[in-house]
file my_file.pdb (PDB, C-alpha atoms)
MODEL        1
ATOM      1  CA  MET M   1       0.000   0.000   0.000
ATOM      2  CA  GLN M   2       1.348   3.407  -0.995
ATOM      3  CA  VAL M   3       0.472   6.796   0.560
ATOM      4  CA  LYS M   4       1.468  10.125  -1.000
ATOM      5  CA  PHE M   5       1.285  13.263   1.138
ATOM      6  CA  GLY M   6       1.662  16.682  -0.528
ATOM      7  CA  VAL M   7       2.034  20.128   1.080
ATOM      8  CA  ASN M   8       2.359  23.689  -0.199
ATOM      9  CA  ALA M   9       6.043  24.214   0.663
ATOM     10  CA  PRO M  10       9.132  22.132   1.441
ATOM     11  CA  LEU M  11       8.365  19.599   4.163
ATOM     12  CA  ASP M  12       9.479  20.580   7.652
ATOM     13  CA  PHE M  13      10.171  17.487   9.740
ATOM     14  CA  ASN M  14      11.442  19.591  12.649
ATOM     15  CA  ASP M  15       8.401  21.794  13.274
ATOM     16  CA  VAL M  16       5.554  19.693  11.863
ATOM     17  CA  THR M  17       4.199  16.232  12.639
ATOM     18  CA  TYR M  18       2.659  14.620   9.560
ATOM     19  CA  VAL M  19      -0.074  12.093  10.363
ATOM     20  CA  ILE M  20      -1.652   9.333   8.271
ATOM     21  CA  ALA M  21      -4.729   8.209  10.230
ATOM     22  CA  ILE M  22      -6.701   5.098   9.278
ATOM     23  CA  ASP M  23     -10.090   3.690  10.256
ATOM     24  CA  MET M  24     -10.268  -0.045   9.573
ATOM     25  CA  CYS M  25     -13.281  -0.826  11.778
ATOM     26  CA  GLY M  26     -15.963   0.999   9.793
ATOM     27  CA  THR M  27     -16.671   3.635  12.440
ATOM     28  CA  GLY M  28     -16.086   6.675  10.203
ATOM     29  CA  VAL M  29     -13.428   9.206   9.251
ATOM     30  CA  PRO M  30     -10.574  10.018  11.667
ATOM     31  CA  TYR M  31     -10.618  13.782  12.232
ATOM     32  CA  PRO M  32      -7.887  16.060  13.646
ATOM     33  CA  GLN M  33      -9.747  17.096  16.818
ATOM     34  CA  ALA M  34      -9.790  13.478  17.860
ATOM     35  CA  LEU M  35      -9.463  13.985  21.597
ATOM     36  CA  TYR M  36     -12.914  15.555  21.805
ATOM     37  CA  THR M  37     -14.543  12.512  20.203
ATOM     38  CA  GLY M  38     -12.600   9.834  22.059
ATOM     39  CA  TYR M  39     -10.488   9.159  18.977
ATOM     40  CA  ASN M  40     -13.582   7.836  17.255
ATOM     41  CA  SER M  41     -12.629   6.173  13.969
ATOM     42  CA  TYR M  42      -8.926   5.859  14.741
ATOM     43  CA  THR M  43      -7.584   2.325  14.300
ATOM     44  CA  PHE M  44      -3.990   3.136  13.396
ATOM     45  CA  ALA M  45      -1.930   6.247  12.725
ATOM     46  CA  PHE M  46       1.513   6.695  11.229
ATOM     47  CA  LEU M  47       3.413   9.765  12.497
ATOM     48  CA  VAL M  48       6.576  11.303  11.104
ATOM     49  CA  GLY M  49       8.369  14.518  12.038
ATOM     50  CA  GLY M  50       7.997  16.940  14.909
ATOM     51  CA  GLY M  51       9.457  14.549  17.450
ATOM     52  CA  PHE M  52       7.792  11.374  16.144
ATOM     53  CA  GLY M  53       9.417   8.699  14.056
ATOM     54  CA  SER M  54      12.120   9.596  11.563
ATOM     55  CA  THR M  55      12.507  10.077   7.846
ATOM     56  CA  ALA M  56      13.790   6.504   7.820
ATOM     57  CA  LEU M  57      10.720   4.994   9.484
ATOM     58  CA  PRO M  58       7.508   6.694  10.686
ATOM     59  CA  LEU M  59       6.113   5.735  14.092
ATOM     60  CA  LEU M  60       2.967   3.583  14.188
ATOM     61  CA  TYR M  61       0.275   3.731  16.900
ATOM     62  CA  GLN M  62      -2.614   1.310  17.419
ATOM     63  CA  TYR M  63      -5.909   2.440  19.012
ATOM     64  CA  TYR M  64      -8.475   0.242  20.707
ATOM     65  CA  VAL M  65     -11.207   0.401  23.335
ATOM     66  CA  ASN M  66     -10.034  -1.334  26.498
ATOM     67  CA  PRO M  67     -12.918  -3.282  28.127
ATOM     68  CA  ASN M  68     -10.849  -3.638  31.302
ATOM     69  CA  SER M  69     -10.800   0.138  31.923
ATOM     70  CA  SER M  70     -14.486   1.115  31.641
ATOM     71  CA  GLY M  71     -14.358   1.162  27.874
ATOM     72  CA  SER M  72     -11.736   3.901  27.637
ATOM     73  CA  LEU M  73      -9.503   4.227  24.620
ATOM     74  CA  THR M  74      -5.972   2.880  24.810
ATOM     75  CA  VAL M  75      -3.155   3.995  22.520
ATOM     76  CA  LEU M  76      -0.005   1.929  22.165
ATOM     77  CA  ALA M  77       3.070   2.346  20.017
ATOM     78  CA  VAL M  78       3.731  -0.545  17.660
ATOM     79  CA  ASN M  79       7.431  -1.023  18.225
ATOM     80  CA  ASN M  80       7.658  -4.178  16.153
ATOM     81  CA  LEU M  81       6.829  -2.547  12.794
ATOM     82  CA  ASN M  82       8.962  -4.375  10.254
ATOM     83  CA  PRO M  83      11.374  -1.954   8.531
ATOM     84  CA  SER M  84      11.943  -4.501   5.765
ATOM     85  CA  THR M  85       8.309  -4.154   4.636
ATOM     86  CA  THR M  86       8.131  -0.352   4.776
ATOM     87  CA  ALA M  87       9.752   2.410   2.751
ATOM     88  CA  PHE M  88       9.744   6.179   3.276
ATOM     89  CA  ASN M  89      10.760   8.667   0.588
ATOM     90  CA  PRO M  90      10.883  12.219   2.025
ATOM     91  CA  ASN M  91      11.257  13.845  -1.406
ATOM     92  CA  TYR M  92       8.997  11.890  -3.712
ATOM     93  CA  ASN M  93       8.295  14.712  -6.194
ATOM     94  CA  GLY M  94      11.856  16.076  -6.278
ATOM     95  CA  GLN M  95      10.684  19.427  -4.876
ATOM     96  CA  ASN M  96      10.723  18.464  -1.172
ATOM     97  CA  SER M  97       6.978  19.121  -0.898
ATOM     98  CA  GLU M  98       5.707  15.538  -1.095
ATOM     99  CA  PHE M  99       6.610  12.351   0.704
ATOM    100  CA  GLU M 100       5.743   8.768  -0.111
ATOM    101  CA  PHE M 101       5.236   5.998   2.430
ATOM    102  CA  THR M 102       4.857   2.348   1.439
ATOM    103  CA  PHE M 103       3.858  -0.519   3.721
ATOM    104  CA  VAL M 104       2.282  -3.948   3.432
ATOM    105  CA  ARG M 105      -1.268  -4.341   4.736
ATOM    106  CA  SER M 106      -0.329  -7.334   6.867
ATOM    107  CA  ASP M 107       1.766  -4.982   9.050
ATOM    108  CA  LEU M 108      -1.581  -3.654  10.324
ATOM    109  CA  ASN M 109      -3.124  -7.042  11.005
ATOM    110  CA  ASN M 110      -3.562  -6.424  14.753
ATOM    111  CA  PRO M 111       0.214  -6.326  15.368
ATOM    112  CA  LEU M 112      -0.147  -6.044  19.161
ATOM    113  CA  GLY M 113      -2.548  -8.979  19.421
ATOM    114  CA  ILE M 114      -5.377  -6.924  20.937
ATOM    115  CA  ALA M 115      -8.338  -9.062  22.013
ATOM    116  CA  LEU M 116     -10.926  -6.431  20.964
ATOM    117  CA  PRO M 117      -9.242  -4.463  18.175
ATOM    118  CA  CYS M 118     -12.531  -2.917  16.981
ATOM    119  CA  PRO M 119     -15.442  -1.555  19.065
ATOM    120  CA  GLY M 120     -18.109  -4.232  19.363
ATOM    121  CA  SER M 121     -15.925  -6.926  17.843
ATOM    122  CA  THR M 122     -15.879 -10.540  19.019
ATOM    123  CA  PRO M 123     -13.040 -11.100  21.494
ATOM    124  CA  LEU M 124     -10.033 -12.972  20.164
ATOM    125  CA  PRO M 125      -8.269 -15.473  22.445
ATOM    126  CA  THR M 126      -5.227 -13.947  24.122
ATOM    127  CA  LEU M 127      -2.381 -15.054  26.296
ATOM    128  CA  SER M 128      -1.547 -13.502  29.657
ATOM    129  CA  PRO M 129       0.058 -10.058  29.328
ATOM    130  CA  THR M 130       3.680  -9.554  30.158
ATOM    131  CA  ALA M 131       4.711  -7.649  33.240
ATOM    132  CA  THR M 132       6.435  -4.848  31.330
ATOM    133  CA  PRO M 133       4.182  -1.779  31.126
ATOM    134  CA  THR M 134       3.980   0.519  28.125
ATOM    135  CA  VAL M 135       2.910   4.080  28.830
ATOM    136  CA  SER M 136       1.149   6.205  26.235
ATOM    137  CA  ALA M 137       2.135   9.851  26.072
ATOM    138  CA  GLY M 138      -0.272  12.484  27.437
ATOM    139  CA  ALA M 139      -1.244  15.932  26.161
ATOM    140  CA  THR M 140      -3.830  18.661  26.320
ATOM    141  CA  PRO M 141      -6.980  18.521  24.145
ATOM    142  CA  SER M 142      -5.760  21.037  21.571
ATOM    143  CA  ALA M 143      -2.359  19.473  21.352
ATOM    144  CA  SER M 144      -2.966  15.868  20.572
ATOM    145  CA  PRO M 145      -2.331  14.159  17.282
ATOM    146  CA  ALA M 146      -2.172  10.413  17.529
ATOM    147  CA  PRO M 147      -0.124   9.379  20.565
ATOM    148  CA  THR M 148      -2.357  10.815  23.287
ATOM    149  CA  ALA M 149      -5.064   9.029  25.252
ATOM    150  CA  VAL M 150      -8.411  10.595  26.101
ATOM    151  CA  GLY M 151      -8.647  13.237  28.799
ATOM    152  CA  ALA M 152      -5.321  12.955  30.593
ATOM    153  CA  THR M 153      -2.096  11.047  30.923
ATOM    154  CA  PRO M 154      -3.105   7.385  30.994
ATOM    155  CA  SER M 155      -2.047   4.773  33.477
ATOM    156  CA  PRO M 156       0.551   2.250  32.350
ATOM    157  CA  SER M 157      -0.919  -0.535  30.252
ATOM    158  CA  PRO M 158       0.592  -4.004  30.021
ATOM    159  CA  THR M 159       2.070  -4.941  26.694
ATOM    160  CA  PRO M 160      -0.144  -7.654  25.185
ATOM    161  CA  SER M 161       1.456 -10.984  24.427
ATOM    162  CA  PRO M 162       1.304 -12.126  20.798
ATOM    163  CA  LEU M 163      -1.706 -14.131  19.737
ATOM    164  CA  PRO M 164      -1.307 -17.744  18.649
ATOM    165  CA  SER M 165      -0.342 -17.848  14.964
ATOM    166  CA  SER M 166      -3.679 -19.449  14.009
ATOM    167  CA  VAL M 167      -5.493 -16.429  15.429
ATOM    168  CA  ALA M 168      -3.068 -13.691  14.470
ATOM    169  CA  THR M 169      -3.307 -14.504  10.752
ATOM    170  CA  ALA M 170      -7.083 -13.891  10.637
ATOM    171  CA  SER M 171      -7.684 -10.169  10.173
ATOM    172  CA  PRO M 172     -10.295  -8.678  12.541
ATOM    173  CA  TYR M 173     -10.704  -5.621  10.300
ATOM    174  CA  LEU M 174     -12.943  -4.691   7.388
ATOM    175  CA  SER M 175     -11.664  -4.751   3.817
ATOM    176  CA  THR M 176     -12.588  -1.063   3.303
ATOM    177  CA  TRP M 177     -10.204   1.381   4.961
ATOM    178  CA  THR M 178     -10.749   5.132   5.410
ATOM    179  CA  PHE M 179      -7.736   7.474   5.484
ATOM    180  CA  ASN M 180      -7.247  11.084   6.489
ATOM    181  CA  LEU M 181      -4.074  13.167   6.342
ATOM    182  CA  MET M 182      -3.313  15.775   8.998
ATOM    183  CA  THR M 183      -0.561  18.043  10.273
ATOM    184  CA  PHE M 184       0.215  19.093  13.848
ATOM    185  CA  ALA M 185       2.718  21.404  15.480
ATOM    186  CA  ALA M 186       5.741  19.533  16.773
ATOM    187  CA  ASN M 187       5.895  17.758  20.124
ATOM    188  CA  HIS M 188       2.179  17.266  20.807
ATOM    189  CA  GLY M 189       1.300  20.684  19.398
ATOM    190  CA  PRO M 190      -2.158  21.680  18.135
ATOM    191  CA  ALA M 191      -3.674  20.569  14.850
ATOM    192  CA  LEU M 192      -2.568  22.755  11.937
ATOM    193  CA  ASP M 193      -4.413  21.287   8.952
ATOM    194  CA  SER M 194      -6.211  18.293   7.450
ATOM    195  CA  LEU M 195      -7.585  17.339   4.046
ATOM    196  CA  GLY M 196     -11.040  18.713   4.894
ATOM    197  CA  TYR M 197     -12.347  22.227   4.234
ATOM    198  CA  GLY M 198     -12.239  23.083   7.928
ATOM    199  CA  GLY M 199      -8.550  22.288   8.201
ATOM    200  CA  PRO M 200      -7.502  21.774  11.841
ATOM    201  CA  THR M 201     -11.110  21.662  13.102
ATOM    202  CA  ASP M 202     -12.692  19.855  10.159
ATOM    203  CA  ASN M 203     -15.308  17.165  10.756
ATOM    204  CA  THR M 204     -16.896  17.034   7.284
ATOM    205  CA  PHE M 205     -14.294  15.384   5.042
ATOM    206  CA  GLY M 206     -15.477  12.042   3.673
ATOM    207  CA  GLY M 207     -12.041  10.487   3.820
ATOM    208  CA  ILE M 208      -9.934   8.659   1.262
ATOM    209  CA  VAL M 209     -11.845   5.393   1.078
ATOM    210  CA  VAL M 210      -9.996   2.348  -0.268
ATOM    211  CA  ASP M 211     -11.275  -1.160  -0.967
ATOM    212  CA  THR M 212      -8.235  -3.246  -0.075
ATOM    213  CA  THR M 213      -9.464  -6.195  -2.163
ATOM    214  CA  THR M 214      -9.052  -4.303  -5.455
ATOM    215  CA  THR M 215      -6.299  -2.409  -7.228
ATOM    216  CA  ALA M 216      -6.986   1.282  -6.694
ATOM    217  CA  ALA M 217      -5.431   4.745  -6.754
ATOM    218  CA  VAL M 218      -7.648   7.121  -4.767
ATOM    219  CA  THR M 219      -6.645  10.784  -4.819
ATOM    220  CA  SER M 220      -8.042  13.761  -2.905
ATOM    221  CA  TYR M 221      -7.029  17.139  -4.311
ATOM    222  CA  ARG M 222      -7.482  19.918  -1.805
ATOM    223  CA  ASN M 223      -9.766  22.858  -2.472
ATOM    224  CA  THR M 224      -8.954  26.185  -0.821
ATOM    225  CA  PRO M 225      -9.626  25.588   2.887
ATOM    226  CA  GLN M 226     -11.551  27.744   5.306
ATOM    227  CA  ALA M 227      -8.266  29.049   6.690
ATOM    228  CA  ILE M 228      -4.758  28.589   5.306
ATOM    229  CA  PRO M 229      -2.116  27.623   7.882
ATOM    230  CA  GLN M 230       0.569  30.223   8.475
ATOM    231  CA  LEU M 231       3.183  27.494   8.281
ATOM    232  CA  GLN M 232       3.104  26.535   4.610
ATOM    233  CA  ALA M 233       4.919  23.263   5.280
ATOM    234  CA  ALA M 234       1.794  22.207   7.209
ATOM    235  CA  TYR M 235      -0.661  23.271   4.477
ATOM    236  CA  ILE M 236      -1.857  20.019   2.875
ATOM    237  CA  THR M 237      -2.518  20.221  -0.874
ATOM    238  CA  TYR M 238      -3.392  16.641  -1.698
ATOM    239  CA  GLY M 239      -3.282  13.047  -0.620
ATOM    240  CA  GLU M 240      -3.328   9.746  -2.479
ATOM    241  CA  VAL M 241      -3.609   6.131  -1.389
ATOM    242  CA  ASP M 242      -2.747   3.360  -3.837
ATOM    243  CA  ASN M 243      -3.634  -0.250  -3.117
ATOM    244  CA  TYR M 244      -2.210  -3.384  -4.700
ATOM    245  CA  PRO M 245      -3.934  -6.601  -3.543
TER     246      PRO M 245
ENDMDL
END

call {"tool": "encode", "arguments": {"input": "my_file.pdb", "output": "structure tokens"}}
result
Amino acid sequence: MQVKFGVNAPLDFNDVTYVIAIDMCGTGVPYPQALYTGYNSYTFAFLVGGGFGSTALPLLYQYYVNPNSSGSLTVLAVNNLNPSTTAFNPNYNGQNSEFEFTFVRSDLNNPLGIALPCPGSTPLPTLSPTATPTVSAGATPSASPAPTAVGATPSPSPTPSPLPSSVATASPYLSTWTFNLMTFAANHGPALDSLGYGGPTDNTFGGIVVDTTTTAAVTSYRNTPQAIPQLQAAYITYGEVDNYP
């Protein structure tokens, strides 16, 4: 799967966090003001720049509703993303204003072995968690791209043990995935832009919708937004997701 992310000026990986958010559970479009909606429609997000990931390998986060904590959302970094199945090109168009990220869909096949990876899904059998906790980063409501849990700094969560291979190979997700592209100020800063008309506060964009069972190249060219970000490196001009079954 290939994602192309274009902005209006040379990319700035120091001051801007570029986010590729994906809904794979059929709950809707992931929007930039996610904290206010409990990260509704976030299943995974890739982050690069602004203190997250690197131009060699973006950082991946997995989102799920934890039934053991009153149904609150849990966010965990996927530290076992396979670098041999991903590729990041920070200057795809030769003008430093577009990057390309390629990954295989199986990398997102519940990599942390979560028992309930989608809201309302049937629990998958799991092993006992390990004793090593993994803490998600915290932030304020206006300053949270992907790596922040709802409301406040979360309590440590145990790292799930891998599922048995017979279970882990069966995808718990839908075949239709919905993408949104967003930018945030560095280091948990506020949302700066998204593909929707409302930019950092948009909740109307229909998403880049991809049927992962077919070959597709789905492009969203940006119309003039409600407000143009002052930082041109954060001003998204277009996004494209290409799928190869």

call {"tool": "atom_distance", "arguments": {"input": "my_file.pdb", "atom1": "CA of Thr102 (chain M)", "atom2": "CA of Phe88 (chain M)"}}
result
6.5 Å

call {"tool": "atom_distance", "arguments": {"input": "my_file.pdb", "atom1": "CA of Thr214 (chain M)", "atom2": "CA of Ser175 (chain M)"}}
result
9.6 Å

call {"tool": "residues_around", "arguments": {"input": "my_file.pdb", "residues": "Val48 (chain M)", "least_positions_apart": "4", "cutoff": "7 Å", "atoms": "all atoms listed in the file", "output": "tab-separated table (two decimals) with C-alpha atoms, keeping the file's coordinate frame"}}
result
chain	number	residue	atom	x	y	z
M	17	THR	CA	4.20	16.23	12.64
M	18	TYR	CA	2.66	14.62	9.56
M	19	VAL	CA	-0.07	12.09	10.36
M	52	PHE	CA	7.79	11.37	16.14
M	53	GLY	CA	9.42	8.70	14.06
M	54	SER	CA	12.12	9.60	11.56
M	55	THR	CA	12.51	10.08	7.85
M	58	PRO	CA	7.51	6.69	10.69
M	59	LEU	CA	6.11	5.74	14.09

call {"tool": "closest_residue", "arguments": {"input": "my_file.pdb", "among": "M:Thr37, M:Gly51, M:Leu81, M:Thr74", "to": "His188 (chain M)", "atoms": "all atoms listed in the file"}}
result
M:Gly51

call {"tool": "closest_residue", "arguments": {"input": "my_file.pdb", "among": "M:Leu112, M:Val7, M:Val29, M:Leu174", "to": "Glu98 (chain M)", "atoms": "all atoms listed in the file"}}
result
M:Val7

call {"tool": "resolve_selection", "arguments": {"input": "my_file.pdb", "expression": "the PyMOL selection byres ((chain M and resi 225) around 10)", "output": "PyMOL selection string"}}
result
chain M and resi 193-200+202+222-224+226-229+235-237

call {"tool": "atom_distance", "arguments": {"input": "my_file.pdb", "atom1": "CA of Gly6 (chain M)", "atom2": "CA of Gly239 (chain M)"}}
result
6.1 Å

call {"tool": "residues_around", "arguments": {"input": "my_file.pdb", "residues": "Leu73 (chain M)", "least_positions_apart": "2", "cutoff": "6 Å", "atoms": "all atoms listed in the file", "output": "PyMOL selection string"}}
result
chain M and resi 64-66

call {"tool": "resolve_selection", "arguments": {"input": "my_file.pdb", "expression": "the PyMOL selection byres ((chain M and resi 108) around 9)", "output": "PyMOL selection string"}}
result
chain M and resi 44+62+81+104-107+109-111+171

call {"tool": "closest_atom_pairs", "arguments": {"input": "my_file.pdb", "of": "region 76-102 of chain M", "to": "region 20-27 of chain M", "cutoff": "12 Å", "atoms": "all atoms listed in the file", "output": "Markdown table"}}
result
| residue | atom | partner | partner_atom | distance |
| --- | --- | --- | --- | --- |
| M:Phe99 | CA | M:Ile20 | CA | 11.6 |
| M:Glu100 | CA | M:Ile20 | CA | 11.2 |
| M:Phe101 | CA | M:Ile20 | CA | 9.6 |
| M:Thr102 | CA | M:Ile20 | CA | 11.7 |

call {"tool": "residues_around", "arguments": {"input": "my_file.pdb", "residues": "Leu192 (chain M)", "least_positions_apart": "5", "cutoff": "9 Å", "atoms": "only C-alpha atoms", "output": "number ranges by chain"}}
result
M: 16, 32, 182-185, 199-201, 229-231, 234-235

call {"tool": "closest_residue", "arguments": {"input": "my_file.pdb", "among": "M:Leu181, M:Leu11, M:Val241, M:Ala186", "to": "Pro90 (chain M)", "atoms": "all atoms listed in the file"}}
result
M:Leu11

call {"tool": "resolve_selection", "arguments": {"input": "my_file.pdb", "expression": "the PyMOL selection byres ((chain M and resi 211) around 7)", "output": "list in words"}}
result
Ser175, Thr176, Trp177, Val209, Val210, Thr212, Thr213 and Thr214 of chain M

call {"tool": "write_last_selection", "arguments": {"input": "my_file.pdb", "atoms": "C-alpha atoms", "output": "PDB file, in the coordinates of the input"}}
result
ATOM      1  CA  SER M 175     -11.664  -4.751   3.817  1.00  0.00           C
ATOM      2  CA  THR M 176     -12.588  -1.063   3.303  1.00  0.00           C
ATOM      3  CA  TRP M 177     -10.204   1.381   4.961  1.00  0.00           C
ATOM      4  CA  VAL M 209     -11.845   5.393   1.078  1.00  0.00           C
ATOM      5  CA  VAL M 210      -9.996   2.348  -0.268  1.00  0.00           C
ATOM      6  CA  THR M 212      -8.235  -3.246  -0.075  1.00  0.00           C
ATOM      7  CA  THR M 213      -9.464  -6.195  -2.163  1.00  0.00           C
ATOM      8  CA  THR M 214      -9.052  -4.303  -5.455  1.00  0.00           C
TER       9      THR M 214
END

call {"tool": "closest_residue", "arguments": {"input": "my_file.pdb", "among": "M:Gly206, M:Val218, M:Met1, M:Pro10", "to": "Thr85 (chain M)", "atoms": "all atoms listed in the file"}}
result
M:Met1

call {"tool": "closest_residue", "arguments": {"input": "my_file.pdb", "among": "M:Tyr39, M:Phe205, M:Phe5, M:Tyr238", "to": "Ser220 (chain M)", "atoms": "only C-alpha atoms"}}
result
M:Tyr238

call {"tool": "closest_residue", "arguments": {"input": "my_file.pdb", "among": "M:Asn82, M:Asn187, M:Gln232, M:Thr178", "to": "Phe103 (chain M)", "atoms": "all atoms listed in the file"}}
result
M:Asn82

call {"tool": "residues_near_point", "arguments": {"input": "my_file.pdb", "point": "(6.0, 0.8, 15.2)", "cutoff": "7 Å", "atoms": "only C-alpha atoms", "output": "PDB file with C-alpha atoms, in the coordinates of the input"}}
result
ATOM      1  CA  LEU M  59       6.113   5.735  14.092  1.00  0.00           C
ATOM      2  CA  LEU M  60       2.967   3.583  14.188  1.00  0.00           C
ATOM      3  CA  TYR M  61       0.275   3.731  16.900  1.00  0.00           C
ATOM      4  CA  ALA M  77       3.070   2.346  20.017  1.00  0.00           C
ATOM      5  CA  VAL M  78       3.731  -0.545  17.660  1.00  0.00           C
ATOM      6  CA  ASN M  79       7.431  -1.023  18.225  1.00  0.00           C
ATOM      7  CA  ASN M  80       7.658  -4.178  16.153  1.00  0.00           C
ATOM      8  CA  LEU M  81       6.829  -2.547  12.794  1.00  0.00           C
TER       9      LEU M  81
END
